[in-house]
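Colleague: Contents are mmCIF, C-alpha atoms; file name final34.cif:
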```cif
data_model
#
loop_
_atom_site.label_atom_id
_atom_site.label_comp_id
_atom_site.auth_asym_id
_atom_site.auth_seq_id
_atom_site.Cartn_x
_atom_site.Cartn_y
_atom_site.Cartn_z
CA MET A 1 31.16 -5.51 -15.13
CA THR A 2 28.15 -4.13 -13.30
CA ASN A 3 25.99 -7.17 -12.65
CA LEU A 4 28.32 -9.71 -11.08
CA PRO A 5 26.25 -12.49 -9.51
CA ILE A 6 28.33 -12.79 -6.32
CA ASP A 7 29.29 -9.84 -4.12
CA PRO A 8 33.06 -9.25 -4.60
CA ASP A 9 33.34 -8.35 -0.90
CA ARG A 10 32.19 -11.88 -0.05
CA ILE A 11 34.97 -13.32 -2.21
CA ALA A 12 37.50 -10.96 -0.61
CA ALA A 13 36.44 -12.11 2.87
CA HIS A 14 36.76 -15.72 1.78
CA ASN A 15 40.28 -15.08 0.48
CA ALA A 16 41.38 -13.16 3.56
CA ALA A 17 41.07 -16.28 5.68
CA LEU A 18 43.19 -18.36 3.29
CA THR A 19 45.79 -15.96 1.92
CA ARG A 20 48.48 -16.57 4.54
CA THR A 21 48.38 -20.36 4.13
CA LEU A 22 48.42 -20.02 0.35
CA SER A 23 51.47 -17.72 0.52
CA GLU A 24 53.35 -20.26 2.61
CA ASP A 25 52.49 -23.12 0.26
CA TYR A 26 53.27 -21.03 -2.82
CA ASP A 27 56.66 -19.94 -1.48
CA ALA A 28 57.54 -23.53 -0.55
CA LEU A 29 56.64 -24.76 -4.04
CA GLY A 30 58.57 -21.86 -5.54
CA GLN A 31 61.72 -22.91 -3.68
CA ARG A 32 61.30 -26.48 -4.87
CA LEU A 33 60.81 -25.42 -8.49
CA ALA A 34 63.77 -23.04 -8.28
CA ARG A 35 66.01 -26.01 -7.54
CA GLN A 36 64.85 -27.39 -10.89
CA GLY A 37 65.59 -24.12 -12.66
CA LEU A 38 61.93 -23.09 -12.90
CA ASP A 39 60.51 -19.67 -12.05
CA ILE A 40 57.18 -20.13 -10.29
CA ALA A 41 56.07 -16.59 -11.15
CA ALA A 42 56.58 -17.27 -14.86
CA VAL A 43 54.67 -20.55 -14.64
CA THR A 44 51.85 -18.82 -12.75
CA ALA A 45 51.61 -16.15 -15.43
CA GLN A 46 51.31 -18.80 -18.14
CA VAL A 47 48.62 -20.63 -16.20
CA ALA A 48 46.69 -17.40 -15.57
CA ALA A 49 46.73 -16.66 -19.31
CA PHE A 50 45.31 -20.10 -20.18
CA THR A 51 41.52 -20.15 -20.48
CA VAL A 52 38.82 -22.58 -21.52
CA ALA A 53 35.30 -21.84 -22.77
CA ILE A 54 32.13 -22.90 -20.96
CA PRO A 55 29.36 -24.56 -22.97
CA SER A 56 26.06 -22.76 -22.47
CA TRP A 57 24.28 -26.11 -22.14
CA GLY A 58 26.68 -27.26 -19.42
CA VAL A 59 25.07 -25.19 -16.67
CA GLY A 60 21.89 -27.25 -16.94
CA THR A 61 21.50 -30.71 -15.45
CA GLY A 62 22.40 -33.42 -17.94
CA GLY A 63 20.81 -36.75 -18.56
CA THR A 64 21.27 -40.22 -19.95
CA ARG A 65 19.46 -41.95 -22.81
CA PHE A 66 17.01 -43.20 -20.17
CA ALA A 67 16.20 -40.33 -17.84
CA ARG A 68 16.99 -36.84 -16.66
CA PHE A 69 16.65 -35.69 -13.07
CA PRO A 70 16.56 -31.87 -12.94
CA GLY A 71 18.37 -30.00 -10.21
CA PRO A 72 17.19 -26.94 -8.29
CA GLY A 73 17.46 -23.56 -9.94
CA GLU A 74 18.10 -24.75 -13.47
CA PRO A 75 18.41 -21.91 -16.01
CA ARG A 76 15.33 -21.43 -18.14
CA GLY A 77 17.01 -19.74 -21.09
CA ILE A 78 20.20 -18.21 -22.38
CA ALA A 79 20.00 -15.15 -20.09
CA GLU A 80 20.04 -17.29 -16.97
CA LYS A 81 22.65 -19.59 -18.49
CA LEU A 82 24.93 -16.57 -18.86
CA ASP A 83 24.29 -15.66 -15.21
CA ASP A 84 25.46 -19.11 -14.14
CA CYS A 85 28.47 -18.96 -16.45
CA ALA A 86 29.40 -15.64 -14.86
CA VAL A 87 29.54 -17.31 -11.43
CA ILE A 88 32.04 -19.86 -12.76
CA GLN A 89 34.22 -17.13 -14.24
CA GLN A 90 33.95 -14.83 -11.24
CA LEU A 91 35.19 -17.52 -8.86
CA GLY A 92 37.55 -19.54 -11.04
CA ARG A 93 38.89 -16.86 -13.43
CA ALA A 94 39.63 -19.47 -16.11
CA THR A 95 36.45 -19.33 -18.22
CA PRO A 96 35.86 -15.86 -19.70
CA ALA A 97 34.00 -17.03 -22.83
CA VAL A 98 30.78 -18.96 -23.45
CA SER A 99 30.17 -21.30 -26.38
CA LEU A 100 26.58 -21.04 -27.60
CA HIS A 101 24.47 -23.88 -29.02
CA ILE A 102 22.00 -22.88 -31.71
CA PRO A 103 18.98 -22.98 -31.85
CA TRP A 104 18.89 -23.68 -28.08
CA ASP A 105 20.41 -20.27 -27.36
CA THR A 106 18.96 -18.19 -30.18
CA ALA A 107 18.24 -14.61 -29.11
CA PRO A 108 18.73 -11.11 -30.52
CA PRO A 109 22.49 -10.60 -30.76
CA GLY A 110 22.35 -7.14 -29.22
CA GLU A 111 20.68 -8.53 -26.10
CA LEU A 112 23.12 -11.44 -25.88
CA ARG A 113 26.16 -9.23 -26.24
CA ALA A 114 24.95 -6.62 -23.77
CA ARG A 115 24.15 -9.17 -21.09
CA ALA A 116 27.46 -10.98 -21.58
CA GLU A 117 29.46 -7.77 -21.38
CA ALA A 118 27.66 -6.74 -18.20
CA LEU A 119 28.69 -10.07 -16.70
CA GLY A 120 32.30 -9.86 -17.86
CA LEU A 121 31.89 -12.58 -20.49
CA GLY A 122 32.58 -13.00 -24.20
CA PHE A 123 31.64 -15.62 -26.77
CA ASP A 124 33.69 -18.53 -28.07
CA ALA A 125 32.93 -20.92 -30.95
CA MET A 126 29.34 -21.31 -32.16
CA ASN A 127 27.81 -24.80 -32.18
CA SER A 128 25.14 -25.84 -34.69
CA ASN A 129 22.51 -28.46 -33.93
CA THR A 130 21.26 -30.75 -36.67
CA PHE A 131 21.44 -33.93 -34.61
CA GLN A 132 17.85 -33.56 -33.41
CA ASP A 133 14.59 -32.13 -34.70
CA HIS A 134 13.29 -28.74 -33.56
CA PRO A 135 9.48 -28.98 -33.56
CA GLY A 136 7.75 -25.68 -34.03
CA ASP A 137 10.86 -23.91 -35.32
CA PRO A 138 9.99 -22.46 -38.76
CA ASP A 139 13.65 -22.68 -39.78
CA HIS A 140 13.62 -26.48 -39.28
CA PRO A 141 10.41 -27.84 -40.85
CA LEU A 142 12.13 -31.00 -42.14
CA SER A 143 13.29 -33.91 -39.97
CA TYR A 144 16.89 -34.94 -39.32
CA LYS A 145 15.88 -38.47 -38.36
CA PHE A 146 17.87 -39.97 -41.24
CA GLY A 147 20.65 -37.42 -41.34
CA SER A 148 21.34 -33.76 -41.96
CA LEU A 149 24.39 -32.64 -43.94
CA SER A 150 24.62 -36.11 -45.52
CA HIS A 151 20.88 -36.75 -45.95
CA VAL A 152 19.75 -38.30 -49.24
CA ASP A 153 17.16 -35.52 -49.64
CA PRO A 154 18.78 -32.32 -50.97
CA ALA A 155 16.08 -30.25 -49.23
CA VAL A 156 17.13 -31.57 -45.81
CA ARG A 157 20.78 -30.94 -46.63
CA ALA A 158 19.95 -27.39 -47.70
CA GLN A 159 18.07 -26.80 -44.44
CA ALA A 160 21.07 -28.00 -42.42
CA VAL A 161 23.50 -25.88 -44.44
CA THR A 162 21.29 -22.81 -44.01
CA HIS A 163 21.19 -23.40 -40.26
CA ASN A 164 24.98 -23.56 -40.03
CA ILE A 165 25.34 -20.36 -42.01
CA ALA A 166 22.82 -18.68 -39.70
CA CYS A 167 25.03 -19.75 -36.77
CA ILE A 168 27.96 -18.03 -38.47
CA ARG A 169 26.00 -14.82 -38.96
CA LEU A 170 24.90 -14.76 -35.31
CA GLY A 171 28.46 -15.47 -34.24
CA GLU A 172 29.71 -12.54 -36.33
CA ALA A 173 27.40 -10.21 -34.41
CA LEU A 174 28.65 -11.61 -31.09
CA GLY A 175 32.37 -11.48 -31.82
CA SER A 176 32.82 -15.24 -32.22
CA LYS A 177 35.52 -16.52 -34.58
CA ALA A 178 34.69 -20.20 -35.12
CA LEU A 179 31.94 -22.69 -35.90
CA THR A 180 31.99 -26.25 -34.61
CA VAL A 181 30.05 -28.78 -36.67
CA TRP A 182 29.12 -32.13 -35.17
CA ILE A 183 26.49 -34.31 -36.84
CA GLY A 184 24.84 -37.52 -35.72
CA ASP A 185 24.46 -38.75 -39.31
CA GLY A 186 25.06 -42.40 -40.04
CA ALA A 187 23.40 -45.80 -40.09
CA ASN A 188 22.19 -48.27 -37.49
CA PHE A 189 22.06 -51.29 -39.83
CA PRO A 190 24.39 -52.73 -42.49
CA GLY A 191 23.16 -51.70 -45.89
CA GLN A 192 21.03 -48.84 -44.54
CA SER A 193 23.09 -46.23 -46.37
CA HIS A 194 25.89 -46.08 -48.90
CA MET A 195 28.95 -45.10 -46.88
CA GLY A 196 30.85 -43.50 -49.74
CA ARG A 197 27.97 -41.44 -51.12
CA ALA A 198 26.94 -40.32 -47.61
CA PHE A 199 30.44 -38.95 -47.01
CA GLU A 200 30.48 -37.24 -50.40
CA ARG A 201 27.19 -35.51 -49.59
CA TYR A 202 28.60 -34.44 -46.22
CA LEU A 203 31.70 -32.96 -47.85
CA ALA A 204 29.61 -31.05 -50.39
CA SER A 205 27.47 -29.59 -47.62
CA MET A 206 30.51 -28.64 -45.56
CA GLN A 207 32.00 -26.89 -48.60
CA GLU A 208 28.92 -24.66 -48.76
CA ILE A 209 29.30 -23.81 -45.08
CA TYR A 210 33.03 -23.22 -45.49
CA ALA A 211 32.38 -20.78 -48.32
CA ALA A 212 30.28 -18.65 -45.95
CA LEU A 213 33.07 -18.24 -43.36
CA PRO A 214 34.08 -14.61 -42.74
CA GLU A 215 37.71 -13.53 -42.75
CA GLY A 216 39.51 -14.69 -39.63
CA TRP A 217 37.05 -17.49 -38.88
CA ARG A 218 37.76 -21.21 -38.50
CA LEU A 219 35.53 -24.22 -39.12
CA PHE A 220 36.00 -27.18 -36.77
CA SER A 221 35.03 -30.67 -37.90
CA GLU A 222 34.19 -32.85 -34.89
CA HIS A 223 34.15 -36.63 -35.07
CA LYS A 224 32.47 -39.24 -32.89
CA MET A 225 32.93 -42.98 -33.06
CA TYR A 226 29.27 -43.84 -32.43
CA GLU A 227 25.99 -42.53 -31.01
CA PRO A 228 23.38 -41.86 -32.19
CA ALA A 229 24.42 -43.80 -35.32
CA PHE A 230 25.71 -47.07 -33.89
CA TYR A 231 26.67 -49.07 -36.98
CA ALA A 232 28.36 -46.52 -39.23
CA THR A 233 28.81 -42.86 -38.33
CA VAL A 234 29.64 -40.54 -41.24
CA VAL A 235 32.42 -38.69 -39.36
CA GLN A 236 33.52 -41.50 -37.07
CA ASP A 237 37.20 -40.88 -36.31
CA TRP A 238 40.04 -38.38 -36.49
CA GLY A 239 41.10 -39.68 -39.90
CA THR A 240 37.75 -38.80 -41.47
CA SER A 241 37.83 -35.44 -39.69
CA LEU A 242 41.32 -34.83 -41.07
CA VAL A 243 40.25 -35.73 -44.62
CA THR A 244 37.37 -33.28 -44.22
CA ALA A 245 39.57 -30.43 -42.99
CA GLN A 246 42.13 -31.02 -45.73
CA ALA A 247 39.45 -31.08 -48.41
CA LEU A 248 37.85 -27.85 -47.20
CA GLY A 249 40.90 -25.59 -46.96
CA PRO A 250 43.12 -23.59 -44.59
CA LYS A 251 40.28 -22.26 -42.44
CA ALA A 252 39.18 -25.81 -41.54
CA ALA A 253 40.63 -27.86 -38.70
CA CYS A 254 39.76 -30.85 -36.50
CA LEU A 255 38.16 -30.70 -33.09
CA VAL A 256 39.03 -33.50 -30.66
CA ASP A 257 36.47 -34.45 -28.03
CA LEU A 258 38.28 -36.55 -25.42
CA GLY A 259 35.26 -38.86 -25.09
CA HIS A 260 34.73 -39.55 -28.79
CA HIS A 261 37.16 -42.45 -29.12
CA ALA A 262 37.23 -46.18 -28.58
CA PRO A 263 38.35 -47.17 -25.06
CA ASN A 264 42.11 -46.97 -24.51
CA VAL A 265 42.82 -45.08 -27.74
CA ASN A 266 46.04 -43.07 -27.56
CA ILE A 267 44.52 -39.58 -27.75
CA GLU A 268 47.82 -37.79 -27.21
CA MET A 269 49.15 -39.45 -30.36
CA ILE A 270 46.11 -38.20 -32.29
CA VAL A 271 46.94 -34.72 -31.02
CA SER A 272 50.49 -35.11 -32.29
CA ARG A 273 49.39 -36.35 -35.71
CA LEU A 274 46.81 -33.61 -36.24
CA ALA A 275 49.32 -30.98 -35.17
CA HIS A 276 51.85 -32.45 -37.61
CA ALA A 277 49.27 -32.06 -40.38
CA GLY A 278 48.56 -28.47 -39.29
CA LYS A 279 44.92 -29.35 -38.60
CA LEU A 280 44.61 -29.40 -34.80
CA GLY A 281 41.76 -26.96 -34.21
CA GLY A 282 40.61 -27.48 -30.66
CA PHE A 283 39.28 -29.67 -27.88
CA HIS A 284 36.11 -30.55 -26.06
CA VAL A 285 37.47 -31.56 -22.68
CA ASN A 286 35.82 -34.15 -20.45
CA ASP A 287 36.59 -37.60 -19.08
CA SER A 288 35.22 -41.08 -19.61
CA LYS A 289 35.26 -44.62 -18.28
CA TYR A 290 33.38 -46.54 -20.96
CA GLY A 291 32.53 -44.25 -23.88
CA ASP A 292 31.32 -40.73 -24.38
CA ASP A 293 30.49 -40.41 -20.68
CA ASP A 294 31.02 -36.61 -20.56
CA LEU A 295 32.33 -36.79 -17.00
CA ASP A 296 34.16 -33.97 -15.21
CA ALA A 297 37.62 -33.37 -16.65
CA GLY A 298 40.31 -35.33 -14.81
CA SER A 299 37.79 -37.30 -12.73
CA ILE A 300 38.77 -40.70 -14.17
CA ASP A 301 42.16 -40.43 -15.85
CA PRO A 302 44.01 -37.23 -14.93
CA PHE A 303 47.27 -38.72 -16.24
CA ARG A 304 45.81 -39.00 -19.75
CA LEU A 305 44.74 -35.35 -19.58
CA PHE A 306 48.29 -34.46 -18.52
CA LEU A 307 49.74 -36.45 -21.43
CA VAL A 308 47.54 -34.54 -23.88
CA PHE A 309 48.82 -31.25 -22.48
CA ASN A 310 52.36 -32.57 -22.51
CA GLU A 311 52.03 -32.91 -26.28
CA LEU A 312 50.51 -29.45 -26.58
CA VAL A 313 53.25 -27.78 -24.53
CA ASP A 314 55.87 -29.68 -26.52
CA LEU A 315 54.36 -28.31 -29.74
CA GLY A 316 54.86 -24.76 -28.54
CA GLU A 317 53.13 -21.74 -30.02
CA SER A 318 53.44 -22.60 -33.72
CA GLY A 319 50.34 -21.97 -35.84
CA ASP A 320 46.88 -21.06 -34.55
CA ALA A 321 46.44 -21.86 -30.87
CA PRO A 322 43.89 -24.63 -30.27
CA ALA A 323 40.49 -23.66 -28.91
CA TYR A 324 39.47 -25.26 -25.61
CA MET A 325 35.95 -25.87 -24.36
CA ILE A 326 34.53 -28.00 -21.56
CA ASP A 327 31.87 -30.46 -22.75
CA GLN A 328 30.20 -32.35 -19.91
CA SER A 329 26.91 -33.79 -18.72
CA HIS A 330 26.22 -33.19 -15.05
CA ASN A 331 23.73 -35.82 -13.99
CA VAL A 332 24.29 -35.97 -10.22
CA THR A 333 26.30 -32.85 -9.36
CA ASP A 334 25.67 -29.12 -9.28
CA PRO A 335 26.73 -28.11 -12.82
CA ILE A 336 28.39 -24.92 -11.59
CA GLU A 337 30.56 -26.87 -9.15
CA SER A 338 31.51 -29.44 -11.78
CA LEU A 339 32.46 -26.76 -14.30
CA ILE A 340 34.55 -24.88 -11.73
CA ARG A 341 36.36 -28.09 -10.87
CA SER A 342 36.88 -29.10 -14.50
CA ALA A 343 38.35 -25.73 -15.45
CA ASP A 344 40.72 -26.08 -12.50
CA GLU A 345 41.71 -29.63 -13.51
CA ILE A 346 42.38 -28.54 -17.08
CA ARG A 347 44.66 -25.80 -15.81
CA ARG A 348 46.27 -28.31 -13.46
CA ALA A 349 47.21 -30.59 -16.36
CA TYR A 350 48.57 -27.61 -18.27
CA ALA A 351 50.63 -26.41 -15.30
CA GLN A 352 52.08 -29.87 -14.75
CA ALA A 353 53.01 -30.09 -18.43
CA LEU A 354 54.88 -26.78 -18.10
CA LEU A 355 57.08 -28.40 -15.43
CA VAL A 356 58.37 -31.23 -17.64
CA ASP A 357 62.17 -31.10 -18.02
CA ARG A 358 62.12 -31.20 -21.82
CA ALA A 359 65.89 -31.25 -22.25
CA ALA A 360 66.22 -34.24 -19.96
CA LEU A 361 63.25 -35.95 -21.63
CA ALA A 362 64.77 -35.48 -25.08
CA GLY A 363 68.07 -36.91 -23.87
CA TYR A 364 66.45 -40.00 -22.43
CA GLN A 365 64.46 -40.48 -25.62
CA GLU A 366 67.61 -40.27 -27.73
CA ASP A 367 69.31 -42.79 -25.41
CA ASN A 368 66.30 -45.14 -25.56
CA ASP A 369 66.09 -44.95 -21.75
CA ALA A 370 62.43 -45.85 -21.45
CA LEU A 371 62.26 -45.84 -17.66
CA MET A 372 63.89 -42.46 -17.11
CA ALA A 373 61.89 -40.88 -19.93
CA SER A 374 58.74 -42.11 -18.23
CA GLU A 375 60.01 -40.98 -14.85
CA THR A 376 60.64 -37.48 -16.20
CA LEU A 377 56.97 -37.19 -17.16
CA LYS A 378 55.83 -38.71 -13.88
CA ALA A 379 57.95 -36.27 -11.86
CA ALA A 380 56.03 -33.34 -13.36
CA PHE A 381 52.68 -35.10 -13.03
CA ARG A 382 53.27 -35.89 -9.34
CA THR A 383 53.96 -32.24 -8.52
CA ASP A 384 51.15 -30.58 -6.57
CA VAL A 385 50.57 -27.39 -8.55
CA GLY A 386 47.54 -26.42 -6.46
CA PRO A 387 49.27 -23.32 -5.02
CA ILE A 388 49.99 -22.08 -8.57
CA LEU A 389 46.34 -22.50 -9.58
CA ALA A 390 45.11 -20.76 -6.43
CA ARG A 391 47.55 -17.86 -6.81
CA ALA A 392 46.48 -17.39 -10.44
CA ARG A 393 42.87 -17.15 -9.29
CA LEU A 394 43.66 -14.83 -6.39
CA ASP A 395 45.76 -12.44 -8.46
CA SER A 396 42.96 -12.07 -11.02
CA GLY A 397 40.21 -11.47 -8.47
CA GLY A 398 38.89 -15.01 -8.09
CA ALA A 399 38.52 -17.27 -5.08
CA ILE A 400 41.35 -19.26 -3.52
CA ASP A 401 38.92 -22.14 -2.89
CA PRO A 402 36.21 -21.50 -5.51
CA ILE A 403 33.86 -24.39 -4.70
CA THR A 404 33.77 -23.53 -1.00
CA ALA A 405 33.27 -19.85 -1.87
CA TYR A 406 30.43 -20.82 -4.20
CA ARG A 407 28.68 -22.88 -1.54
CA ASP A 408 29.14 -20.14 1.06
CA SER A 409 27.65 -17.57 -1.34
CA GLY A 410 24.23 -19.22 -1.31
CA TYR A 411 23.88 -18.69 -5.06
CA ARG A 412 22.21 -22.03 -5.76
CA ALA A 413 19.57 -21.49 -3.08
CA LYS A 414 18.96 -17.98 -4.38
CA VAL A 415 18.33 -19.04 -7.98
CA ALA A 416 16.35 -22.09 -6.87
CA ALA A 417 13.92 -19.73 -5.14
CA ALA A 418 13.64 -17.52 -8.22
CA ARG A 419 13.51 -20.14 -10.97
CA PRO A 420 10.58 -22.59 -11.15
CA ALA A 421 11.56 -26.21 -10.63
CA ALA A 422 11.98 -28.14 -13.88
CA ARG A 423 10.20 -31.44 -14.34
CA GLY A 424 12.01 -34.73 -14.84
CA GLY A 425 11.45 -36.69 -17.97
CA GLY A 426 12.89 -38.83 -20.67
CA GLY A 427 16.45 -39.04 -21.82
CA GLY A 428 18.51 -36.40 -23.51
CA ILE A 429 21.40 -34.20 -22.59
CA VAL A 430 19.98 -30.87 -21.44
#
```
Could you render the structure from this file as C-alpha cells?

Modeller:
Amino acid sequence: MTNLPIDPDRIAAHNAALTRTLSEDYDALGQRLARQGLDIAAVTAQVAAFTVAIPSWGVGTGGTRFARFPGPGEPRGIAEKLDDCAVIQQLGRATPAVSLHIPWDTAPPGELRARAEALGLGFDAMNSNTFQDHPGDPDHPLSYKFGSLSHVDPAVRAQAVTHNIACIRLGEALGSKALTVWIGDGANFPGQSHMGRAFERYLASMQEIYAALPEGWRLFSEHKMYEPAFYATVVQDWGTSLVTAQALGPKAACLVDLGHHAPNVNIEMIVSRLAHAGKLGGFHVNDSKYGDDDLDAGSIDPFRLFLVFNELVDLGESGDAPAYMIDQSHNVTDPIESLIRSADEIRRAYAQALLVDRAALAGYQEDNDALMASETLKAAFRTDVGPILARARLDSGGAIDPITAYRDSGYRAKVAAARPAARGGGGGIV
C-alpha cells in the first residue's frame, strides 16, 4: 500500500487522544460479557474478520427520480472512485473490496488491478447494467426500454447476455468470484407483456450466462418488487429468485437487497428460507422507510438489521458464506461518511448477534416462553458494542472515531479543489 489517501501519522495522532478512554470502556464491557460467559477478545476477532464490500457507485452523490444535487469533489471516474473507497477502508477497516458496476466502471483490467492494489483494495462481485441504455457505447446499440434478458427481441436478449459475459471476463482478470444480475424488466400496464413467456425468456438468457461462469464463481439472482416496472416485474420476489437459482444449478444463488420488499415483510424469515434451500447467496445492505429508499444501514430500523444477522449467526458456517455489499443512495450526506457509518452499523448488528445466548433462547423456544425468548434477543440488541467495533478498527490500523478522523483529515476539501464541480440535473442514481 503505497498511495494511501490519508497520512497514517494523522490517524495515529487521532487515536492517541482516544486510546485511554477506549481501553477503559473496552475493559468494562469485557467484564460485563465475562459474567455472561463471553470472551470479548474472541468476539472482537470475529468482528474484525467480518467485512462488507463497497459499491463503486456509492461514493458519488445519489439522486431521486426527480433530481440530483451533486456534492463537492465527486469522483469523475473509476480511478477516483477507488481513491474514495480507499479512504473508507483506511479509516473503518471493514471494507477491503470494491464491487464494480459495468459499463460505468469499464477500464483496462491491468490498470484497475494495479490502482486497487496500491490502495490496499480488492474486487468483490461484478454488477451488470442492462436496466438503462448506454448511448454511444458500441457494445449496446440496442435499447433496453422494453426489457433486456426477457425482451421479446432475441437480438436485445443476445446483447444483454453478451454484456453479462463480458462482466464475467473482466471480473476474472480482477480476481472477482461472482456476478450479480439485477434487471428492471417487466410491465407498467396489464396486458403489456405475457408474464409466463417473459420469465421463460429470462431463464433461457440466464442459462447462457450461467454456462459462461468460470470454476469457483457464483451467479447471484437479485429480485425487486417494483421499479422501474411498476405493474409486473419479471423477478419480483424471493420466490422467483429462488426458482431461478434452482433452475440454473449449484453455482447460482439468491441475493437479498434489504430494500427490495413490500413494507413490513419479514426479511429475516426470507433469509432463513433461502438458507434452508441452500440458495442464500448474499446481501445488498441498506435501510428503508417506504420502499427501496437506499438509506444508510441501520438508520431507520437497526433492530431489523440485528434480526437478519441473528438468523445468519444462528445458521453458522455451513455452506458458502454469504457475500455482503452496501447499496445506498447518498442524496444529502457526504457519501464517504455514510459508507463509513453503514459499514460500522453492519458490524454492530453482527457483533450484537454474536452476543445472543443461544442455549437460553432455544430453551425458551422449546418451552413456548414468548416473552423470555424475545427478551433474550433484546438483551443482546441493547448491548453497546461500540468499544468492540472501535478496538477492531484500532487493532487493524484504522481510526477509533472514523468520521471525526475523516473530517479532520480535510480529504473532502482536498478533492473538491482538484475535481471540477459536477452539474445538477435530472433524476437517476449516480

Colleague: Might you pull out every residue within 8 Å of Leu242 of chain A, with all atoms listed in the file counted and same-chain residues fewer than 3 positions away left off, and present them as a PyMOL selection string?

Modeller: chain A and resi 238-239+245-246+253-254+274+279

Colleague: Which one of A:Gly249, A:Ser193, A:Asn188, A:Ile267 sits closest to Met206 of chain A if you count only C-alpha atoms?

Modeller: A:Gly249

Colleague: Contacts of Leu121 of chain A at 8 Å or less, counting only C-alpha atoms, minus same-chain residues fewer than 6 places along, as a ChimeraX atom specification?

Modeller: /A:86,96-98

Colleague: Quick one: of A:Gln192, A:Thr61, A:Gln132, A:Thr21, who's nearest to Asp334 of chain A, counting all atoms listed in the file?

Modeller: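 That would be A:Thr61, the residue with the smallest distance to Asp334 of chain A.
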
Colleague: Give me, please, the distance in Å between atom CA of Cys85 of chain A and atom CA of Ala116 of chain A, quoted to one decimal.

Modeller: 9.5 Å

Colleague: What does the structure give for the distance between atom CA of Asn264 of chain A and atom CA of Asp292 of chain A, in Å to one decimal?

Modeller: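 Taking atom CA of Asn264 of chain A and atom CA of Asp292 of chain A, their separation equals 12.5 Å.
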
Colleague: Could you produce a table of the residues of segment 135-188 of chain A lying within 9 Å of segment 101-113 of chain A, with the nearest pair of atoms per residue and their separation in Å rounded to one decimal, using all atoms listed in the file, ordered by chain and increasing residue number, as CSV?

Modeller:
```
residue,atom,partner,partner_atom,distance
A:Asp137,CA,A:Pro103,CA,8.9
A:His163,CA,A:Ile102,CA,8.6
A:Asn164,CA,A:Ile102,CA,8.9
A:Cys167,CA,A:Ile102,CA,6.7
A:Leu170,CA,A:Pro109,CA,6.6
A:Gly171,CA,A:Pro109,CA,8.5
A:Ala173,CA,A:Pro109,CA,6.1
A:Leu174,CA,A:Arg113,CA,5.9
A:Gly175,CA,A:Arg113,CA,8.6
```

Colleague: Which polymer residues have any atom within 12 Å of an atom of Leu18 of chain A, counting only C-alpha atoms, with same-chain residues fewer than 2 positions away left out, as a short mmCIF file (atom, residue, chain, number, x, y, z; two decimals) with C-alpha atoms, in the frame of the given file?

Modeller:
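So result20.cif came out as:
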```cif
data_model
loop_
_atom_site.label_atom_id
_atom_site.label_comp_id
_atom_site.auth_asym_id
_atom_site.auth_seq_id
_atom_site.Cartn_x
_atom_site.Cartn_y
_atom_site.Cartn_z
CA ILE A 11 34.97 -13.32 -2.21
CA ALA A 12 37.50 -10.96 -0.61
CA ALA A 13 36.44 -12.11 2.87
CA HIS A 14 36.76 -15.72 1.78
CA ASN A 15 40.28 -15.08 0.48
CA ALA A 16 41.38 -13.16 3.56
CA ARG A 20 48.48 -16.57 4.54
CA THR A 21 48.38 -20.36 4.13
CA LEU A 22 48.42 -20.02 0.35
CA SER A 23 51.47 -17.72 0.52
CA GLU A 24 53.35 -20.26 2.61
CA ASP A 25 52.49 -23.12 0.26
CA PRO A 387 49.27 -23.32 -5.02
CA ALA A 390 45.11 -20.76 -6.43
CA ARG A 391 47.55 -17.86 -6.81
CA LEU A 394 43.66 -14.83 -6.39
CA ALA A 399 38.52 -17.27 -5.08
CA ILE A 400 41.35 -19.26 -3.52
CA ASP A 401 38.92 -22.14 -2.89
CA PRO A 402 36.21 -21.50 -5.51
CA THR A 404 33.77 -23.53 -1.00
CA ALA A 405 33.27 -19.85 -1.87
#
```

Colleague: Report the distance between atom CA of Gly298 of chain A and atom CA of Ser338 of chain A in Å, rounded to one decimal place.

Modeller: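 Between these atoms lies a distance of 11.0 Å.
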
Colleague: Can you work out which one of A:Val181, A:Val271, A:Ala297, A:Leu339 has the shortest atom-to-atom distance to Leu312 of chain A, counting only C-alpha atoms?

Modeller: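 Smallest distance to Leu312 of chain A is found for A:Val271.
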
Colleague: Report as an mmCIF file with C-alpha atoms, keeping the file's coordinate frame all protein, DNA and RNA residues lying within 12 Å of Gly196 of chain A, evaluated on all atoms listed in the file, omitting residues in the same chain fewer than 3 positions from it.

Modeller:
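Saved as result-v7.cif:
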```cif
data_model
loop_
_atom_site.group_PDB
_atom_site.id
_atom_site.type_symbol
_atom_site.label_atom_id
_atom_site.label_comp_id
_atom_site.auth_asym_id
_atom_site.auth_seq_id
_atom_site.Cartn_x
_atom_site.Cartn_y
_atom_site.Cartn_z
ATOM 1 C CA SER A 150 24.620 -36.110 -45.520
ATOM 2 C CA GLY A 186 25.060 -42.400 -40.040
ATOM 3 C CA GLY A 191 23.160 -51.700 -45.890
ATOM 4 C CA SER A 193 23.090 -46.230 -46.370
ATOM 5 C CA PHE A 199 30.440 -38.950 -47.010
ATOM 6 C CA GLU A 200 30.480 -37.240 -50.400
ATOM 7 C CA ARG A 201 27.190 -35.510 -49.590
ATOM 8 C CA TYR A 202 28.600 -34.440 -46.220
ATOM 9 C CA LEU A 203 31.700 -32.960 -47.850
ATOM 10 C CA ALA A 232 28.360 -46.520 -39.230
ATOM 11 C CA THR A 233 28.810 -42.860 -38.330
ATOM 12 C CA VAL A 234 29.640 -40.540 -41.240
ATOM 13 C CA VAL A 235 32.420 -38.690 -39.360
ATOM 14 C CA THR A 240 37.750 -38.800 -41.470
#
```

Colleague: Check the smallest atom-to-atom distance from each of A:Ser128, A:Ala212, A:Tyr406, A:Ala178 to Pro335 of chain A using all atoms listed in the file, then report the winner.

Modeller: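 When distances to Pro335 of chain A are compared using all atoms listed in the file, the smallest one comes from A:Tyr406.
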
Colleague: Between A:His151, A:Lys177, A:Arg412, A:Arg93, single out the one closest to Met195 of chain A, counting all atoms listed in the file.

Modeller: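 Going through A:His151, A:Lys177, A:Arg412, A:Arg93 one by one, the smallest distance to Met195 of chain A is for A:His151.
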
Colleague: Translate the PyMOL selection byres ((chain A and resi 211) around 10), as applied to the file shown, into an explicit residue set as a short mmCIF file (atom, residue, chain, number, x, y, z; two decimals) with C-alpha atoms, in the frame of the given file.

Modeller:
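Now in out08.cif:
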```cif
data_model
loop_
_atom_site.label_atom_id
_atom_site.label_comp_id
_atom_site.auth_asym_id
_atom_site.auth_seq_id
_atom_site.Cartn_x
_atom_site.Cartn_y
_atom_site.Cartn_z
CA ILE A 165 25.34 -20.36 -42.01
CA MET A 206 30.51 -28.64 -45.56
CA GLN A 207 32.00 -26.89 -48.60
CA GLU A 208 28.92 -24.66 -48.76
CA ILE A 209 29.30 -23.81 -45.08
CA TYR A 210 33.03 -23.22 -45.49
CA ALA A 212 30.28 -18.65 -45.95
CA LEU A 213 33.07 -18.24 -43.36
CA PRO A 214 34.08 -14.61 -42.74
CA LEU A 248 37.85 -27.85 -47.20
CA GLY A 249 40.90 -25.59 -46.96
CA LYS A 251 40.28 -22.26 -42.44
#
```
